[in-house]
file start_11.txt (compact mmCIF, C-alpha atoms and all ligand atoms)
# COMPACT_ATOMS: atom_id res chain seq x y z
CA MET A 1 70.57 206.26 56.99
CA PRO A 2 67.62 208.25 58.40
CA PRO A 3 66.67 211.54 56.72
CA ASN A 4 67.97 214.72 58.37
CA GLY A 5 65.61 217.14 60.08
CA PRO A 6 62.94 217.14 62.75
CA ARG A 7 60.53 214.23 63.10
CA GLU A 8 56.73 214.49 62.81
CA PRO A 9 55.06 214.49 66.27
CA TYR A 10 52.24 212.11 65.20
CA ALA A 11 51.97 209.08 62.90
CA GLY A 12 48.83 207.83 61.13
CA PRO A 13 45.63 209.72 60.31
CA GLU A 14 43.92 211.68 63.09
CA ALA A 15 40.60 210.04 62.12
CA GLY A 16 41.85 206.59 63.13
CA PRO A 17 43.60 203.53 61.72
CA GLU A 18 43.41 202.95 57.96
CA ALA A 19 43.82 199.62 56.11
CA PRO A 20 45.65 197.32 56.69
CA PHE A 21 45.22 198.32 60.37
CA PRO A 22 44.20 197.13 62.87
CA ILE A 23 46.42 194.05 62.63
CA LYS A 24 46.27 191.37 65.34
CA LEU A 25 49.26 189.27 66.33
CA CYS A 26 49.84 187.14 69.37
CA GLY A 27 52.46 184.88 70.86
CA PRO A 28 54.48 183.98 73.93
CA VAL A 29 57.37 186.28 74.87
CA ILE A 30 60.55 184.50 73.72
CA LYS A 31 64.28 185.20 73.98
CA GLY A 32 65.51 187.71 71.43
CA PHE A 33 68.99 188.50 70.19
CA GLY A 34 70.30 189.17 73.70
CA ARG A 35 72.08 192.35 72.65
CA GLY A 36 71.44 194.14 75.89
CA SER A 37 68.63 196.40 74.66
CA LYS A 38 67.60 196.45 78.31
CA GLU A 39 70.84 198.18 79.28
CA LEU A 40 70.04 200.84 76.69
CA GLY A 41 66.69 201.41 78.41
CA ILE A 42 64.70 199.92 75.54
CA PRO A 43 63.99 196.27 76.31
CA THR A 44 61.98 194.62 73.55
CA ALA A 45 59.67 191.69 74.15
CA ASN A 46 60.14 189.38 71.15
CA ILE A 47 57.31 187.19 69.88
CA PRO A 48 57.46 184.51 67.14
CA THR A 49 57.11 185.80 63.56
CA GLU A 50 54.88 182.90 62.52
CA GLY A 51 51.54 184.77 62.68
CA LEU A 52 52.99 187.62 60.66
CA SER A 53 54.40 185.32 57.96
CA THR A 54 51.19 183.35 57.56
CA GLU A 55 48.54 186.08 57.93
CA HIS A 56 50.32 189.30 56.89
CA PRO A 57 53.17 188.22 54.62
CA THR A 58 53.20 191.51 52.70
CA LEU A 59 53.35 193.85 55.69
CA PRO A 60 56.44 196.02 55.10
CA SER A 61 59.30 196.01 57.59
CA GLY A 62 59.32 199.11 59.76
CA ILE A 63 58.40 200.72 63.05
CA TYR A 64 54.76 200.53 64.19
CA TYR A 65 52.64 201.41 67.21
CA GLY A 66 49.65 199.88 68.95
CA PHE A 67 48.37 198.31 72.14
CA VAL A 68 49.58 195.23 73.92
CA GLY A 69 47.58 192.93 76.19
CA LEU A 70 49.87 191.01 78.52
CA SER A 71 49.12 187.99 80.70
CA LEU A 72 51.71 187.07 83.32
CA LYS A 73 49.79 183.90 84.23
CA SER A 74 52.03 181.70 82.06
CA CYS A 75 55.16 183.50 83.17
CA PRO A 76 56.65 181.60 86.13
CA SER A 77 58.84 184.39 87.59
CA ALA A 78 56.27 187.17 87.29
CA ALA A 79 53.26 185.08 88.31
CA ALA A 80 55.05 183.74 91.38
CA ALA A 81 55.63 187.29 92.56
CA SER A 82 51.90 187.98 92.37
CA THR A 83 49.39 186.77 94.91
CA PRO A 84 45.83 185.64 94.12
CA ALA A 85 43.32 188.37 93.35
CA SER A 86 42.61 190.69 96.27
CA SER A 87 40.13 193.49 96.73
CA SER A 88 42.75 196.23 96.29
CA PRO A 89 42.14 198.44 93.29
CA SER A 90 44.71 198.13 90.55
CA THR A 91 47.35 200.64 89.58
CA THR A 92 47.15 202.74 86.44
CA THR A 93 46.87 199.82 84.05
CA THR A 94 43.74 197.93 83.13
CA SER A 95 43.46 195.10 85.60
CA LEU A 96 40.94 192.38 85.09
CA SER A 97 42.70 190.26 87.64
CA SER A 98 44.02 192.52 90.35
CA THR A 99 46.98 191.13 92.21
CA ASN A 100 47.99 193.95 94.52
CA THR A 101 48.73 192.59 97.95
CA THR A 102 47.22 194.00 101.09
CA SER A 103 50.58 193.69 102.84
CA SER A 104 51.82 196.81 104.61
CA SER A 105 55.47 196.08 103.73
CA SER A 106 57.38 198.56 101.61
CA ALA A 107 57.93 196.04 98.78
CA PRO A 108 56.76 197.37 95.41
CA PRO A 109 53.23 196.23 94.54
CA ALA A 110 53.04 193.14 92.35
CA PRO A 111 51.97 193.93 88.77
CA PRO A 112 48.45 192.95 87.72
CA LEU A 113 48.35 189.55 86.02
CA ILE A 114 46.55 190.96 83.00
CA SER A 115 47.16 194.47 81.70
CA ILE A 116 46.93 196.63 78.57
CA HIS A 117 49.66 199.11 77.55
CA PRO A 118 50.63 201.36 74.65
CA ALA A 119 53.61 200.02 72.71
CA VAL A 120 56.03 200.71 69.87
CA LEU A 121 57.52 197.90 67.80
CA SER A 122 60.01 197.00 65.17
CA ILE A 123 59.25 194.45 62.45
CA GLY A 124 62.14 193.48 60.22
CA PHE A 125 65.83 192.77 59.95
CA ASN A 126 67.39 195.57 62.08
CA PRO A 127 69.68 196.93 59.32
CA PHE A 128 71.98 198.42 61.98
CA TYR A 129 72.70 194.85 63.15
CA LYS A 130 72.27 193.19 59.73
CA ASN A 131 70.06 190.40 61.05
CA THR A 132 69.42 187.52 58.68
CA VAL A 133 66.04 186.59 60.21
CA ARG A 134 63.00 188.82 60.58
CA SER A 135 61.93 189.68 64.12
CA VAL A 136 58.91 191.20 65.83
CA GLU A 137 60.15 193.07 68.91
CA ILE A 138 57.93 195.20 71.08
CA HIS A 139 58.94 197.93 73.50
CA ILE A 140 56.04 198.32 75.91
CA LEU A 141 55.58 201.89 77.19
CA HIS A 142 55.42 200.85 80.82
CA GLU A 143 58.00 200.07 83.51
CA PHE A 144 57.95 196.49 84.71
CA PRO A 145 59.58 195.36 87.95
CA ARG A 146 61.02 192.21 86.36
CA ASP A 147 61.32 190.23 83.13
CA PHE A 148 58.32 188.32 81.80
CA TYR A 149 59.69 185.70 79.39
CA GLY A 150 56.98 183.12 78.73
CA ALA A 151 54.16 185.64 79.25
CA ALA A 152 51.29 185.60 76.72
CA LEU A 153 51.18 188.73 74.56
CA ASN A 154 48.40 190.04 72.30
CA LEU A 155 49.42 192.83 69.94
CA LEU A 156 47.03 195.16 68.12
CA ILE A 157 49.00 197.18 65.55
CA LEU A 158 47.25 200.45 64.75
CA GLY A 159 49.72 202.46 62.68
CA TYR A 160 53.04 202.80 60.89
CA ILE A 161 55.71 205.25 62.00
CA ARG A 162 58.71 204.86 59.66
CA PRO A 163 60.93 202.41 57.79
CA GLU A 164 63.88 200.73 59.53
CA TYR A 165 67.20 202.50 59.01
CA ASP A 166 70.88 201.87 59.42
CA TYR A 167 72.64 204.36 61.75
CA VAL A 168 76.13 205.76 62.24
CA SER A 169 76.15 204.71 65.91
CA VAL A 170 74.12 202.91 68.56
CA ASP A 171 73.51 206.32 70.20
CA ALA A 172 71.89 207.61 67.01
CA LEU A 173 69.69 204.46 66.87
CA VAL A 174 68.63 204.83 70.50
CA GLU A 175 67.90 208.54 70.02
CA ASP A 176 65.53 207.74 67.14
CA ILE A 177 63.85 204.95 69.16
CA ARG A 178 63.24 207.49 71.95
CA VAL A 179 61.44 209.70 69.42
CA ASP A 180 59.44 206.66 68.22
CA CYS A 181 58.29 206.10 71.83
CA ALA A 182 57.05 209.69 72.10
CA VAL A 183 55.36 209.57 68.68
CA ALA A 184 53.63 206.28 69.58
CA ALA A 185 52.45 207.50 72.99
CA ARG A 186 51.08 210.74 71.53
CA SER A 187 49.48 209.04 68.53
CA LEU A 188 47.71 206.46 70.71
CA GLU A 189 46.26 209.09 73.04
CA ARG A 190 44.09 210.44 70.20
CA PRO A 191 40.46 209.40 70.75
CA ALA A 192 40.18 207.49 67.46
CA TYR A 193 43.07 205.26 68.65
CA ALA A 194 42.51 205.21 72.44
CA ARG A 195 39.13 203.55 71.83
CA PHE A 196 40.97 200.38 70.75
CA ARG A 197 41.81 199.60 74.35
CA THR A 198 38.11 199.44 75.25
CA GLY A 199 35.03 197.37 74.43
CA ALA A 200 35.35 194.50 71.97
CA TRP A 201 39.03 195.32 71.34
CA GLU A 202 39.76 195.17 75.04
CA ALA A 203 38.09 191.76 75.04
CA TRP A 204 40.43 190.63 72.26
CA LEU A 205 43.50 192.16 73.94
CA THR A 206 42.75 190.23 77.13
CA ASP A 207 41.78 186.89 75.54
CA PHE A 208 44.70 184.51 75.97
CA SER A 209 42.87 181.25 75.21
CA TRP A 210 45.32 180.58 72.32
CA MET A 211 48.05 180.10 74.95
CA GLU A 212 46.46 176.77 75.95
CA GLY A 213 47.80 175.26 72.71
CA VAL A 214 51.34 176.54 73.25
CA ASP A 215 53.98 174.13 74.53
CA ALA A 216 55.81 175.81 77.44
CA ALA A 217 58.92 173.70 76.82
CA GLU A 218 59.10 174.95 73.23
CA VAL A 219 58.81 178.54 74.42
CA GLU A 220 61.66 177.89 76.87
CA ARG A 221 63.89 176.37 74.17
CA GLY A 222 63.14 179.25 71.82
CA VAL A 223 62.21 176.91 68.97
CA LEU A 224 59.19 179.07 68.23
CA ASN A 225 61.49 181.83 67.06
CA GLN A 226 61.88 180.42 63.54
P1 LIG A 301 65.93 189.80 74.43
O1 LIG A 301 67.10 189.95 73.50
O2 LIG A 301 65.88 188.43 75.08
O3 LIG A 301 64.62 190.15 73.79
P2 LIG A 301 65.90 192.40 75.74
O4 LIG A 301 67.14 193.08 76.25
O5 LIG A 301 65.27 192.94 74.49
O6 LIG A 301 66.20 190.85 75.62
O7 LIG A 301 64.85 192.44 76.94
C1 LIG A 301 63.56 191.96 76.67
C2 LIG A 301 62.86 191.45 77.91
O8 LIG A 301 62.78 192.47 78.91
C3 LIG A 301 61.41 191.10 77.59
O9 LIG A 301 61.31 189.78 77.08
C4 LIG A 301 60.73 191.27 78.94
O10 LIG A 301 60.81 190.05 79.68
C5 LIG A 301 61.58 192.35 79.64
N1 LIG A 301 60.96 193.69 79.71
C6 LIG A 301 60.95 194.45 80.85
N2 LIG A 301 60.36 195.63 80.62
C7 LIG A 301 59.96 195.63 79.31
C8 LIG A 301 59.27 196.58 78.49
N3 LIG A 301 58.88 197.78 78.97
N4 LIG A 301 59.02 196.25 77.20
C9 LIG A 301 59.43 195.06 76.72
N5 LIG A 301 60.08 194.12 77.43
C10 LIG A 301 60.35 194.39 78.72
N1 LIG A 302 66.97 198.50 64.46
C1 LIG A 302 67.55 198.98 63.33
O1 LIG A 302 68.54 198.43 62.86
N2 LIG A 302 67.04 200.09 62.69
C2 LIG A 302 65.96 200.76 63.15
O2 LIG A 302 65.54 201.74 62.53
C3 LIG A 302 65.34 200.29 64.36
N3 LIG A 302 64.28 200.94 64.89
C4 LIG A 302 63.70 200.47 66.04
C5 LIG A 302 62.61 201.15 66.57
C6 LIG A 302 62.00 200.68 67.73
C7 LIG A 302 60.82 201.42 68.27
C8 LIG A 302 62.48 199.51 68.37
C9 LIG A 302 61.82 199.00 69.61
C10 LIG A 302 63.57 198.84 67.85
C11 LIG A 302 64.19 199.31 66.68
N4 LIG A 302 65.27 198.66 66.13
C12 LIG A 302 65.88 199.13 64.99
C13 LIG A 302 65.74 197.39 66.70
C14 LIG A 302 66.90 197.61 67.62
O3 LIG A 302 68.08 197.61 66.85
C15 LIG A 302 66.95 196.49 68.64
O4 LIG A 302 65.84 196.57 69.51
C16 LIG A 302 68.25 196.52 69.35
O5 LIG A 302 68.44 195.32 69.98
C17 LIG A 302 68.42 197.71 70.28
O6 LIG A 302 69.66 197.64 70.91
MG MG A 303 64.24 191.90 72.65

call {"tool": "encode", "arguments": {"input": "start_11.txt", "output": "structure tokens"}}
result
Amino acid sequence: MPPNGPREPYAGPEAGPEAPFPIKLCGPVIKGFGRGSKELGIPTANIPTEGLSTEHPTLPSGIYYGFVGLSLKSCPSAAAASTPASSSPSTTTTSLSSTNTTSSSSAPPAPPLISIHPAVLSIGFNPFYKNTVRSVEIHILHEFPRDFYGAALNLLILGYIRPEYDYVSVDALVEDIRVDCAVAARSLERPAYARFRTGAWEAWLTDFSWMEGVDAAEVERGVLNQ
């Protein structure tokens, strides 16, 4: 069970990430446990645990924060809703490949094909649900107009928030996740963290060349989630 009392507003040192951070992970967005996290307002994009197991086998389970680079190019539903690059400036997110349409219709603007967002994530066995396999599930701090299964995701983990806990109810779990979101957003706004979405790190966050070696059919079947 979680400890009683108020939560700390920030996580990680003010001066910036300390070892073992930053940690890089990447993978296609795959189907998760299908528990309806979306209905609770906290959808989590799951990625395969392979990179974690091979490159960071000793990273403790827990709740972390960082930045996500997302490419909708390999995501049939999302990419189809976007039109080829136009001259319109992008919305609030980083857009290397702007896809806003010039249409005057009232339809919501298509999301940029490539974007960077703050994120909060859970690595582990979800003790509340007693999972038997480890998962990496990422709640991106941004509202998306539709699902993006199959999208390519780069994750830069910059800090640790807390261990995973069991809870007395799903409401108590969701309440703590809401606090995690606020802690992550606040922590990432600090200059020593915000700089990780720029320069060479931005280049890494928006490099999806690894996706060329990924078999789309395997992503669809979910066989990468082992
Ligand atoms: P699953 O059990 O398949 O992971 P979820 O209920 O956790 O299902 O929903 C996750 C899916 O929701 C993601 O794979 C993604 O396509 C979509 N999604 C929409 N908005 C977000 C968001 N802000 N963060 C993460 N995923 C999101
Ligand atoms: N699951 C747990 O069992 N215990 C946790 O402490 C926990 N913390 C989470 C924190 C965040 C930021 C996120 C995104 C997920 C967390 N989860 C945790 C996973 C959660 O149970 C899962 O996303 C469910 O599917 C939500 O309904
Ligand atoms: Mg999920």

call {"tool": "closest_atom_pairs", "arguments": {"input": "start_11.txt", "of": "chain A", "to": "ligand MG 303 (chain A)", "cutoff": "9 Å", "atoms": "all atoms listed in the file", "output": "Markdown table"}}
result
| residue | atom | partner | partner_atom | distance |
| --- | --- | --- | --- | --- |
| A:Ile30 | CA | A:MG303 | MG | 8.3 |
| A:Lys31 | CA | A:MG303 | MG | 6.8 |
| A:Gly32 | CA | A:MG303 | MG | 4.5 |
| A:Phe33 | CA | A:MG303 | MG | 6.3 |
| A:Gly34 | CA | A:MG303 | MG | 6.7 |
| A:Arg35 | CA | A:MG303 | MG | 7.9 |
| A:Gly36 | CA | A:MG303 | MG | 8.2 |
| A:Ser37 | CA | A:MG303 | MG | 6.6 |
| A:Lys38 | CA | A:MG303 | MG | 8.0 |
| A:Ile42 | CA | A:MG303 | MG | 8.5 |
| A:Pro43 | CA | A:MG303 | MG | 5.7 |
| A:Thr44 | CA | A:MG303 | MG | 3.6 |
| A:Ala45 | CA | A:MG303 | MG | 4.8 |
| A:Asn46 | CA | A:MG303 | MG | 5.0 |
| A:Ile47 | CA | A:MG303 | MG | 8.8 |
| A:Val136 | CA | A:MG303 | MG | 8.7 |
| A:Glu137 | CA | A:MG303 | MG | 5.7 |
| A:Ile138 | CA | A:MG303 | MG | 7.3 |
| A:His139 | CA | A:MG303 | MG | 8.1 |

call {"tool": "closest_residue", "arguments": {"input": "start_11.txt", "among": "A:Ala15, A:Ile140, A:Leu25, A:Ala110", "to": "ligand LIG 302 (chain A)", "atoms": "all atoms listed in the file"}}
result
A:Ile140

call {"tool": "axis_aligned_box", "arguments": {"input": "start_11.txt", "around": "ligand LIG 302 (chain A)", "padding_each_side": "3 Å", "output": "AutoDock Vina command-line options"}}
result
--center_x 65.2 --center_y 198.5 --center_z 66.7 --size_x 14.8 --size_y 12.4 --size_z 14.4

call {"tool": "atom_distance", "arguments": {"input": "start_11.txt", "atom1": "atom C17 of ligand LIG 302 (chain A)", "atom2": "atom CA of A:Leu52"}}
result
20.8 Å

call {"tool": "closest_residue", "arguments": {"input": "start_11.txt", "among": "A:Arg134, A:His142, A:Arg7, A:Arg197", "to": "ligand LIG 301 (chain A)", "atoms": "all atoms listed in the file"}}
result
A:His142

call {"tool": "residues_near_ligand", "arguments": {"input": "start_11.txt", "ligand": "ligand LIG 302 (chain A)", "cutoff": "9 Å", "atoms": "only C-alpha atoms and all ligand atoms", "output": "JSON, numbers by chain"}}
result
{"A": [1, 2, 32, 33, 34, 35, 36, 37, 38, 39, 40, 41, 42, 43, 44, 45, 62, 63, 64, 65, 119, 120, 121, 122, 123, 124, 125, 126, 127, 128, 129, 130, 131, 135, 137, 138, 139, 140, 161, 162, 163, 164, 165, 166, 167, 170, 173, 174, 176, 177, 178, 179, 180, 181, 184]}

call {"tool": "atom_distance", "arguments": {"input": "start_11.txt", "atom1": "atom CA of A:Val183", "atom2": "atom CA of A:Trp204"}}
result
24.4 Å

call {"tool": "closest_residue", "arguments": {"input": "start_11.txt", "among": "A:Ala203, A:Leu188, A:Met211, A:Val219", "to": "ligand LIG 301 (chain A)", "atoms": "only C-alpha atoms and all ligand atoms"}}
result
A:Val219

call {"tool": "residues_around", "arguments": {"input": "start_11.txt", "residues": "A:Phe148", "least_positions_apart": "3", "cutoff": "8 Å", "atoms": "only C-alpha atoms", "output": "PyMOL selection string"}}
result
chain A and resi 29+72+75+77-78+151

call {"tool": "closest_residue", "arguments": {"input": "start_11.txt", "among": "A:Gly27, A:Gly199, A:Pro22, A:Gly51", "to": "ligand LIG 301 (chain A)", "atoms": "only C-alpha atoms and all ligand atoms"}}
result
A:Gly27

call {"tool": "closest_residue", "arguments": {"input": "start_11.txt", "among": "A:Gly159, A:Pro118, A:Pro108, A:Pro20", "to": "A:Pro145", "atoms": "only C-alpha atoms"}}
result
A:Pro108

call {"tool": "closest_residue", "arguments": {"input": "start_11.txt", "among": "A:Ser115, A:Ser61, A:Pro48, A:Ala172", "to": "A:Glu218", "atoms": "all atoms listed in the file"}}
result
A:Pro48

call {"tool": "atom_distance", "arguments": {"input": "start_11.txt", "atom1": "atom CA of A:Arg190", "atom2": "atom CA of A:Val68"}}
result
16.6 Å

call {"tool": "residues_around", "arguments": {"input": "start_11.txt", "residues": "A:Arg195", "least_positions_apart": "6", "cutoff": "12 Å", "atoms": "all atoms listed in the file", "output": "NGL selection string"}}
result
:A and (15-17 or 66-67 or 158 or 188-189 or 201-202)

call {"tool": "build_atoms", "arguments": {"input": "start_11.txt", "residues": "stretch 30-51 of chain A", "atoms": "N, CA, C and O atoms", "output": "PDB file, in the frame of the given file"}}
result
ATOM      1  N   ILE A  30      59.395 185.416  73.859  1.00  0.00           N
ATOM      2  CA  ILE A  30      60.550 184.500  73.720  1.00  0.00           C
ATOM      3  C   ILE A  30      61.855 185.290  73.834  1.00  0.00           C
ATOM      4  O   ILE A  30      61.848 186.520  73.794  1.00  0.00           O
ATOM      5  N   LYS A  31      62.954 184.574  73.946  1.00  0.00           N
ATOM      6  CA  LYS A  31      64.280 185.200  73.980  1.00  0.00           C
ATOM      7  C   LYS A  31      64.558 185.867  72.640  1.00  0.00           C
ATOM      8  O   LYS A  31      64.239 185.296  71.584  1.00  0.00           O
ATOM      9  N   GLY A  32      65.153 187.042  72.677  1.00  0.00           N
ATOM     10  CA  GLY A  32      65.510 187.710  71.430  1.00  0.00           C
ATOM     11  C   GLY A  32      66.990 187.550  71.138  1.00  0.00           C
ATOM     12  O   GLY A  32      67.565 186.502  71.441  1.00  0.00           O
ATOM     13  N   PHE A  33      67.595 188.608  70.615  1.00  0.00           N
ATOM     14  CA  PHE A  33      68.990 188.500  70.190  1.00  0.00           C
ATOM     15  C   PHE A  33      69.960 188.659  71.359  1.00  0.00           C
ATOM     16  O   PHE A  33      71.156 188.448  71.200  1.00  0.00           O
ATOM     17  N   GLY A  34      69.450 189.057  72.532  1.00  0.00           N
ATOM     18  CA  GLY A  34      70.300 189.170  73.700  1.00  0.00           C
ATOM     19  C   GLY A  34      71.408 190.209  73.540  1.00  0.00           C
ATOM     20  O   GLY A  34      72.532 190.002  73.969  1.00  0.00           O
ATOM     21  N   ARG A  35      71.054 191.327  72.907  1.00  0.00           N
ATOM     22  CA  ARG A  35      72.080 192.350  72.650  1.00  0.00           C
ATOM     23  C   ARG A  35      72.165 193.387  73.750  1.00  0.00           C
ATOM     24  O   ARG A  35      72.867 194.378  73.630  1.00  0.00           O
ATOM     25  N   GLY A  36      71.372 193.185  74.793  1.00  0.00           N
ATOM     26  CA  GLY A  36      71.440 194.140  75.890  1.00  0.00           C
ATOM     27  C   GLY A  36      70.617 195.389  75.628  1.00  0.00           C
ATOM     28  O   GLY A  36      70.952 196.484  76.084  1.00  0.00           O
ATOM     29  N   SER A  37      69.518 195.249  74.888  1.00  0.00           N
ATOM     30  CA  SER A  37      68.630 196.400  74.660  1.00  0.00           C
ATOM     31  C   SER A  37      68.172 196.968  75.986  1.00  0.00           C
ATOM     32  O   SER A  37      67.958 198.171  76.129  1.00  0.00           O
ATOM     33  N   LYS A  38      68.048 196.061  76.965  1.00  0.00           N
ATOM     34  CA  LYS A  38      67.600 196.450  78.310  1.00  0.00           C
ATOM     35  C   LYS A  38      68.545 197.490  78.913  1.00  0.00           C
ATOM     36  O   LYS A  38      68.111 198.456  79.501  1.00  0.00           O
ATOM     37  N   GLU A  39      69.834 197.251  78.735  1.00  0.00           N
ATOM     38  CA  GLU A  39      70.840 198.180  79.280  1.00  0.00           C
ATOM     39  C   GLU A  39      70.706 199.556  78.615  1.00  0.00           C
ATOM     40  O   GLU A  39      71.067 200.567  79.198  1.00  0.00           O
ATOM     41  N   LEU A  40      70.211 199.563  77.394  1.00  0.00           N
ATOM     42  CA  LEU A  40      70.040 200.840  76.690  1.00  0.00           C
ATOM     43  C   LEU A  40      68.720 201.504  77.092  1.00  0.00           C
ATOM     44  O   LEU A  40      68.390 202.579  76.616  1.00  0.00           O
ATOM     45  N   GLY A  41      67.968 200.850  77.955  1.00  0.00           N
ATOM     46  CA  GLY A  41      66.690 201.410  78.410  1.00  0.00           C
ATOM     47  C   GLY A  41      65.544 201.120  77.465  1.00  0.00           C
ATOM     48  O   GLY A  41      64.463 201.694  77.606  1.00  0.00           O
ATOM     49  N   ILE A  42      65.776 200.250  76.481  1.00  0.00           N
ATOM     50  CA  ILE A  42      64.700 199.920  75.540  1.00  0.00           C
ATOM     51  C   ILE A  42      64.574 198.403  75.370  1.00  0.00           C
ATOM     52  O   ILE A  42      64.816 197.873  74.284  1.00  0.00           O
ATOM     53  N   PRO A  43      64.193 197.707  76.462  1.00  0.00           N
ATOM     54  CA  PRO A  43      63.990 196.270  76.310  1.00  0.00           C
ATOM     55  C   PRO A  43      62.883 196.020  75.297  1.00  0.00           C
ATOM     56  O   PRO A  43      61.928 196.795  75.205  1.00  0.00           O
ATOM     57  N   THR A  44      63.027 194.961  74.517  1.00  0.00           N
ATOM     58  CA  THR A  44      61.980 194.620  73.550  1.00  0.00           C
ATOM     59  C   THR A  44      61.530 193.188  73.775  1.00  0.00           C
ATOM     60  O   THR A  44      62.354 192.273  73.759  1.00  0.00           O
ATOM     61  N   ALA A  45      60.252 193.017  74.007  1.00  0.00           N
ATOM     62  CA  ALA A  45      59.670 191.690  74.150  1.00  0.00           C
ATOM     63  C   ALA A  45      59.514 191.108  72.746  1.00  0.00           C
ATOM     64  O   ALA A  45      58.777 191.662  71.919  1.00  0.00           O
ATOM     65  N   ASN A  46      60.222 190.012  72.470  1.00  0.00           N
ATOM     66  CA  ASN A  46      60.140 189.380  71.150  1.00  0.00           C
ATOM     67  C   ASN A  46      59.038 188.329  71.149  1.00  0.00           C
ATOM     68  O   ASN A  46      58.883 187.595  72.128  1.00  0.00           O
ATOM     69  N   ILE A  47      58.300 188.269  70.046  1.00  0.00           N
ATOM     70  CA  ILE A  47      57.310 187.190  69.880  1.00  0.00           C
ATOM     71  C   ILE A  47      57.627 186.484  68.556  1.00  0.00           C
ATOM     72  O   ILE A  47      58.278 187.065  67.683  1.00  0.00           O
ATOM     73  N   PRO A  48      57.180 185.233  68.390  1.00  0.00           N
ATOM     74  CA  PRO A  48      57.460 184.510  67.140  1.00  0.00           C
ATOM     75  C   PRO A  48      56.892 185.252  65.932  1.00  0.00           C
ATOM     76  O   PRO A  48      55.865 185.934  66.042  1.00  0.00           O
ATOM     77  N   THR A  49      57.545 185.097  64.775  1.00  0.00           N
ATOM     78  CA  THR A  49      57.110 185.800  63.560  1.00  0.00           C
ATOM     79  C   THR A  49      56.073 184.999  62.767  1.00  0.00           C
ATOM     80  O   THR A  49      55.585 185.476  61.749  1.00  0.00           O
ATOM     81  N   GLU A  50      55.745 183.816  63.268  1.00  0.00           N
ATOM     82  CA  GLU A  50      54.880 182.900  62.520  1.00  0.00           C
ATOM     83  C   GLU A  50      53.555 183.537  62.074  1.00  0.00           C
ATOM     84  O   GLU A  50      53.185 183.465  60.903  1.00  0.00           O
ATOM     85  N   GLY A  51      52.848 184.179  63.009  1.00  0.00           N
ATOM     86  CA  GLY A  51      51.540 184.770  62.680  1.00  0.00           C
ATOM     87  C   GLY A  51      51.663 185.832  61.602  1.00  0.00           C
ATOM     88  O   GLY A  51      50.807 185.960  60.718  1.00  0.00           O
TER      89      GLY A  51
END
